[in-house]
>>> print(open('protein.txt').read())   # compact mmCIF, C-alpha atoms
# COMPACT_ATOMS: atom_id res chain seq x y z
CA MET A 21 81.76 116.09 91.43
CA LEU A 22 78.22 115.39 92.51
CA LEU A 23 76.38 113.82 89.61
CA GLY A 24 72.89 113.89 91.07
CA ASP A 25 72.38 110.15 90.83
CA GLU A 26 72.97 107.59 93.56
CA ARG A 27 76.39 106.58 92.21
CA GLY A 28 77.51 110.21 92.18
CA ILE A 29 76.46 110.66 95.78
CA LYS A 30 78.35 107.51 96.80
CA ILE A 31 81.46 108.66 94.95
CA THR A 32 81.33 112.03 96.69
CA ALA A 33 80.84 110.45 100.12
CA GLN A 34 83.71 108.05 99.51
CA ALA A 35 85.96 110.88 98.31
CA ASP A 36 85.13 112.80 101.50
CA GLN A 37 86.17 109.81 103.62
CA ILE A 38 89.45 109.52 101.74
CA ARG A 39 90.07 113.25 102.17
CA ARG A 40 89.37 113.09 105.91
CA SER A 41 91.55 110.07 106.65
CA SER A 42 94.43 111.22 104.43
CA ARG A 43 94.44 114.68 106.02
CA SER A 44 94.40 113.08 109.44
CA VAL A 45 97.64 111.25 108.59
CA CYS A 46 99.38 114.61 108.19
CA SER A 47 97.78 116.30 111.17
CA ASN A 48 98.66 113.40 113.49
CA ILE A 49 102.28 113.54 112.33
CA GLY A 50 102.28 117.25 113.12
CA GLU A 51 100.90 116.56 116.59
CA ALA A 52 103.47 113.79 117.09
CA PHE A 53 106.33 116.15 116.34
CA ARG A 54 105.12 118.61 118.96
CA LYS A 55 105.19 115.73 121.48
CA ARG A 56 108.50 114.19 120.48
CA LYS A 57 110.19 115.08 123.76
CA TYR A 58 107.76 112.61 125.37
CA PRO A 59 108.50 109.26 123.64
CA LYS A 60 105.27 107.50 124.63
CA ALA A 61 103.08 110.39 123.48
CA PHE A 62 105.13 110.68 120.28
CA VAL A 63 104.71 106.99 119.47
CA SER A 64 101.00 107.15 120.31
CA LYS A 65 100.40 109.96 117.80
CA LEU A 66 102.47 108.13 115.18
CA SER A 67 100.29 105.09 115.79
CA ASP A 68 97.19 107.23 115.24
CA SER A 69 98.70 108.44 111.98
CA GLU A 70 99.47 104.87 110.92
CA GLY A 71 95.86 103.91 111.62
CA GLU A 72 94.58 106.77 109.49
CA ALA A 73 96.91 105.74 106.65
CA ALA A 74 95.57 102.19 106.87
CA GLU A 75 92.01 103.54 106.83
CA THR A 76 92.83 105.50 103.69
CA GLN A 77 94.04 102.27 102.09
CA VAL A 78 90.74 100.59 102.97
CA TRP A 79 88.80 103.41 101.31
CA LEU A 80 91.04 103.09 98.26
CA ASP A 81 90.28 99.34 98.20
CA PHE A 82 86.55 100.11 98.23
CA SER A 83 87.02 102.73 95.53
CA LEU A 84 88.75 100.23 93.27
CA LYS A 85 86.17 97.51 93.87
CA CYS A 86 83.34 99.96 93.15
CA GLN A 87 85.21 101.12 90.01
CA TYR A 88 85.45 104.71 91.25
CA ILE A 89 89.21 104.64 90.49
CA ASN A 90 91.20 102.59 88.02
CA GLU A 91 93.86 99.98 88.78
CA GLN A 92 96.77 102.29 87.94
CA VAL A 93 95.62 105.04 90.31
CA TYR A 94 94.92 102.46 93.01
CA LYS A 95 98.36 100.84 92.74
CA GLU A 96 100.15 104.17 92.82
CA LEU A 97 98.28 105.47 95.87
CA ASP A 98 98.37 102.15 97.73
CA LYS A 99 102.14 101.94 97.22
CA GLN A 100 102.57 105.49 98.55
CA TYR A 101 100.54 104.64 101.66
CA ASP A 102 102.55 101.43 102.20
CA ASN A 103 105.66 103.61 102.10
CA ILE A 104 104.17 106.12 104.57
CA ILE A 105 103.13 103.34 106.96
CA GLY A 106 106.62 101.82 106.76
CA LYS A 107 108.21 105.14 107.66
CA LEU A 108 105.81 105.66 110.56
CA VAL A 109 106.60 102.19 111.91
CA ASN A 110 110.35 102.87 111.68
CA MET A 111 109.91 106.19 113.48
CA SER A 112 107.90 104.45 116.21
CA LEU A 113 110.58 101.82 116.72
CA LYS A 114 113.26 104.47 117.40
CA PRO A 115 111.53 107.48 118.95
CA GLU A 116 114.78 108.63 120.56
CA LYS A 117 116.12 109.53 117.10
CA TRP A 118 113.46 112.21 116.81
CA LYS A 119 113.81 113.74 120.27
CA TYR A 120 115.09 117.29 120.44
>>> encode(input="protein.txt", output="structure tokens")
Amino acid sequence: MLLGDERGIKITAQADQIRRSSRSVCSNIGEAFRKRKYPKAFVSKLSDSEGEAAETQVWLDFSLKCQYINEQVYKELDKQYDNIIGKLVNMSLKPEKWKY
């Protein structure tokens, strides 16, 4: 929600960044799956997705520090992104498991 003051504009801009990076996690996974018959390309796209997930965590860190989100929301989302990153790393370590 745009509040019309400077803080509202910053919140909206930060929310946009979180939306962009979090959506990019999903889209890069989709691209990776289309490339899974080529292990190096598959791992590369998974790495891109991992980077976007890490970027989302950074934006969540900023959001907490700026008090745009509370501690409970932060912890829940950060934990989910840690889980996502862990799964992406495991997939990258064994790309042959995902080949069709």
>>> residues_around(input="protein.txt", residues="segment 58-69 of chain A", least_positions_apart="3", cutoff="6 Å", atoms="all atoms listed in the file", output="MDAnalysis selection string")
chainID A and resid 45 48 52 55 72 112 115
>>> atom_distance(input="protein.txt", atom1="atom CA of Glu75 of chain A", atom2="atom CA of Ile49 of chain A")
15.4 Å
>>> closest_residue(input="protein.txt", among="A:Lys57, A:Lys95, A:Lys85, A:Arg40", to="Lys119 of chain A", atoms="only C-alpha atoms")
A:Lys57
>>> closest_residue(input="protein.txt", among="A:Arg39, A:Gly71, A:Gln77, A:Cys46", to="Glu96 of chain A", atoms="only C-alpha atoms")
A:Gln77
>>> axis_aligned_box(input="protein.txt", around="segment 61-64 of chain A", padding_each_side="4 Å", output="lines of an AutoDock Vina configuration file")
center_x = 103.1
center_y = 108.8
center_z = 121.5
size_x = 12.1
size_y = 11.7
size_z = 12.0
>>> atom_distance(input="protein.txt", atom1="atom CA of Gln87 of chain A", atom2="atom CA of Ser42 of chain A")
19.9 Å
>>> closest_residue(input="protein.txt", among="A:Ser41, A:Thr32, A:Ser83, A:Glu70", to="Val109 of chain A", atoms="only C-alpha atoms")
A:Glu70
>>> atom_distance(input="protein.txt", atom1="atom CA of Ile104 of chain A", atom2="atom CA of Tyr120 of chain A")
22.3 Å
>>> residues_around(input="protein.txt", residues="Tyr101 of chain A", least_positions_apart="2", cutoff="9 Å", atoms="only C-alpha atoms", output="PDB file with C-alpha atoms, in the coordinates of the input")
ATOM      1  CA  ALA A  73      96.910 105.740 106.650  1.00  0.00           C
ATOM      2  CA  ALA A  74      95.570 102.190 106.870  1.00  0.00           C
ATOM      3  CA  THR A  76      92.830 105.500 103.690  1.00  0.00           C
ATOM      4  CA  GLN A  77      94.040 102.270 102.090  1.00  0.00           C
ATOM      5  CA  GLU A  96     100.150 104.170  92.820  1.00  0.00           C
ATOM      6  CA  LEU A  97      98.280 105.470  95.870  1.00  0.00           C
ATOM      7  CA  ASP A  98      98.370 102.150  97.730  1.00  0.00           C
ATOM      8  CA  LYS A  99     102.140 101.940  97.220  1.00  0.00           C
ATOM      9  CA  ASN A 103     105.660 103.610 102.100  1.00  0.00           C
ATOM     10  CA  ILE A 104     104.170 106.120 104.570  1.00  0.00           C
ATOM     11  CA  ILE A 105     103.130 103.340 106.960  1.00  0.00           C
ATOM     12  CA  GLY A 106     106.620 101.820 106.760  1.00  0.00           C
TER      13      GLY A 106
END
>>> decode(input="protein.txt", residues="segment 24-112 of chain A", atoms="C-alpha atoms", output="CSV table (one decimal), in the first residue's frame")
chain,number,residue,atom,x,y,z
A,24,GLY,CA,2.0,8.9,0.2
A,25,ASP,CA,4.8,9.7,2.6
A,26,GLU,CA,8.5,8.8,2.2
A,27,ARG,CA,8.3,5.7,4.4
A,28,GLY,CA,5.3,4.4,2.3
A,29,ILE,CA,7.2,4.8,-0.9
A,30,LYS,CA,10.2,3.0,0.6
A,31,ILE,CA,8.0,0.1,1.8
A,32,THR,CA,6.4,-0.2,-1.6
A,33,ALA,CA,9.8,-0.2,-3.4
A,34,GLN,CA,11.2,-2.8,-1.0
A,35,ALA,CA,8.1,-5.0,-1.5
A,36,ASP,CA,8.6,-4.8,-5.2
A,37,GLN,CA,12.2,-6.0,-4.9
A,38,ILE,CA,11.1,-8.9,-2.7
A,39,ARG,CA,8.4,-9.8,-5.2
A,40,ARG,CA,10.8,-9.7,-8.1
A,41,SER,CA,13.5,-11.8,-6.5
A,42,SER,CA,11.1,-14.3,-5.0
A,43,ARG,CA,9.3,-14.8,-8.4
A,44,SER,CA,12.7,-15.2,-10.1
A,45,VAL,CA,13.4,-18.1,-7.8
A,46,CYS,CA,10.5,-20.0,-9.2
A,47,SER,CA,11.0,-19.0,-12.8
A,48,ASN,CA,14.7,-20.1,-12.7
A,49,ILE,CA,13.7,-23.4,-11.3
A,50,GLY,CA,11.2,-23.8,-14.2
A,51,GLU,CA,14.0,-22.9,-16.7
A,52,ALA,CA,16.3,-25.4,-14.9
A,53,PHE,CA,13.8,-28.2,-15.4
A,54,ARG,CA,13.6,-27.6,-19.1
A,55,LYS,CA,17.4,-27.9,-19.3
A,56,ARG,CA,17.8,-30.9,-17.0
A,57,LYS,CA,19.0,-33.2,-19.8
A,58,TYR,CA,22.1,-30.9,-19.9
A,59,PRO,CA,23.6,-31.2,-16.4
A,60,LYS,CA,25.8,-28.0,-16.6
A,61,ALA,CA,22.9,-25.9,-17.9
A,62,PHE,CA,20.6,-27.4,-15.2
A,63,VAL,CA,23.1,-26.6,-12.4
A,64,SER,CA,23.7,-23.1,-13.8
A,65,LYS,CA,20.0,-22.3,-13.6
A,66,LEU,CA,19.7,-23.8,-10.2
A,67,SER,CA,22.6,-21.6,-9.1
A,68,ASP,CA,20.7,-18.5,-10.5
A,69,SER,CA,17.7,-19.6,-8.5
A,70,GLU,CA,19.8,-20.0,-5.4
A,71,GLY,CA,21.2,-16.5,-5.9
A,72,GLU,CA,17.7,-15.0,-6.2
A,73,ALA,CA,16.6,-16.8,-3.0
A,74,ALA,CA,19.6,-15.3,-1.2
A,75,GLU,CA,18.8,-11.9,-2.6
A,76,THR,CA,15.2,-12.3,-1.2
A,77,GLN,CA,16.7,-13.1,2.2
A,78,VAL,CA,18.8,-9.9,2.0
A,79,TRP,CA,15.6,-7.8,1.3
A,80,LEU,CA,13.9,-9.5,4.2
A,81,ASP,CA,16.9,-8.6,6.4
A,82,PHE,CA,16.5,-4.9,5.3
A,83,SER,CA,12.7,-5.1,5.9
A,84,LEU,CA,13.2,-6.3,9.4
A,85,LYS,CA,15.9,-3.7,10.2
A,86,CYS,CA,13.7,-0.9,8.8
A,87,GLN,CA,10.7,-2.3,10.8
A,88,TYR,CA,8.6,-3.0,7.7
A,89,ILE,CA,8.0,-6.6,8.9
A,90,ASN,CA,8.0,-8.0,12.4
A,91,GLU,CA,10.4,-10.6,13.9
A,92,GLN,CA,7.9,-13.5,13.6
A,93,VAL,CA,7.2,-12.9,9.9
A,94,TYR,CA,11.0,-12.5,9.2
A,95,LYS,CA,11.9,-15.7,11.0
A,96,GLU,CA,9.2,-17.7,9.2
A,97,LEU,CA,10.2,-16.4,5.7
A,98,ASP,CA,13.9,-16.6,6.3
A,99,LYS,CA,13.5,-20.2,7.5
A,100,GLN,CA,11.6,-21.1,4.3
A,101,TYR,CA,14.2,-19.5,2.1
A,102,ASP,CA,17.0,-21.4,4.0
A,103,ASN,CA,15.0,-24.6,3.2
A,104,ILE,CA,14.7,-23.6,-0.4
A,105,ILE,CA,18.4,-22.9,-0.8
A,106,GLY,CA,19.3,-26.2,0.9
A,107,LYS,CA,17.1,-28.1,-1.6
A,108,LEU,CA,18.6,-26.2,-4.5
A,109,VAL,CA,22.1,-27.0,-3.3
A,110,ASN,CA,21.2,-30.7,-3.0
A,111,MET,CA,19.7,-30.7,-6.5
A,112,SER,CA,22.9,-29.1,-7.8
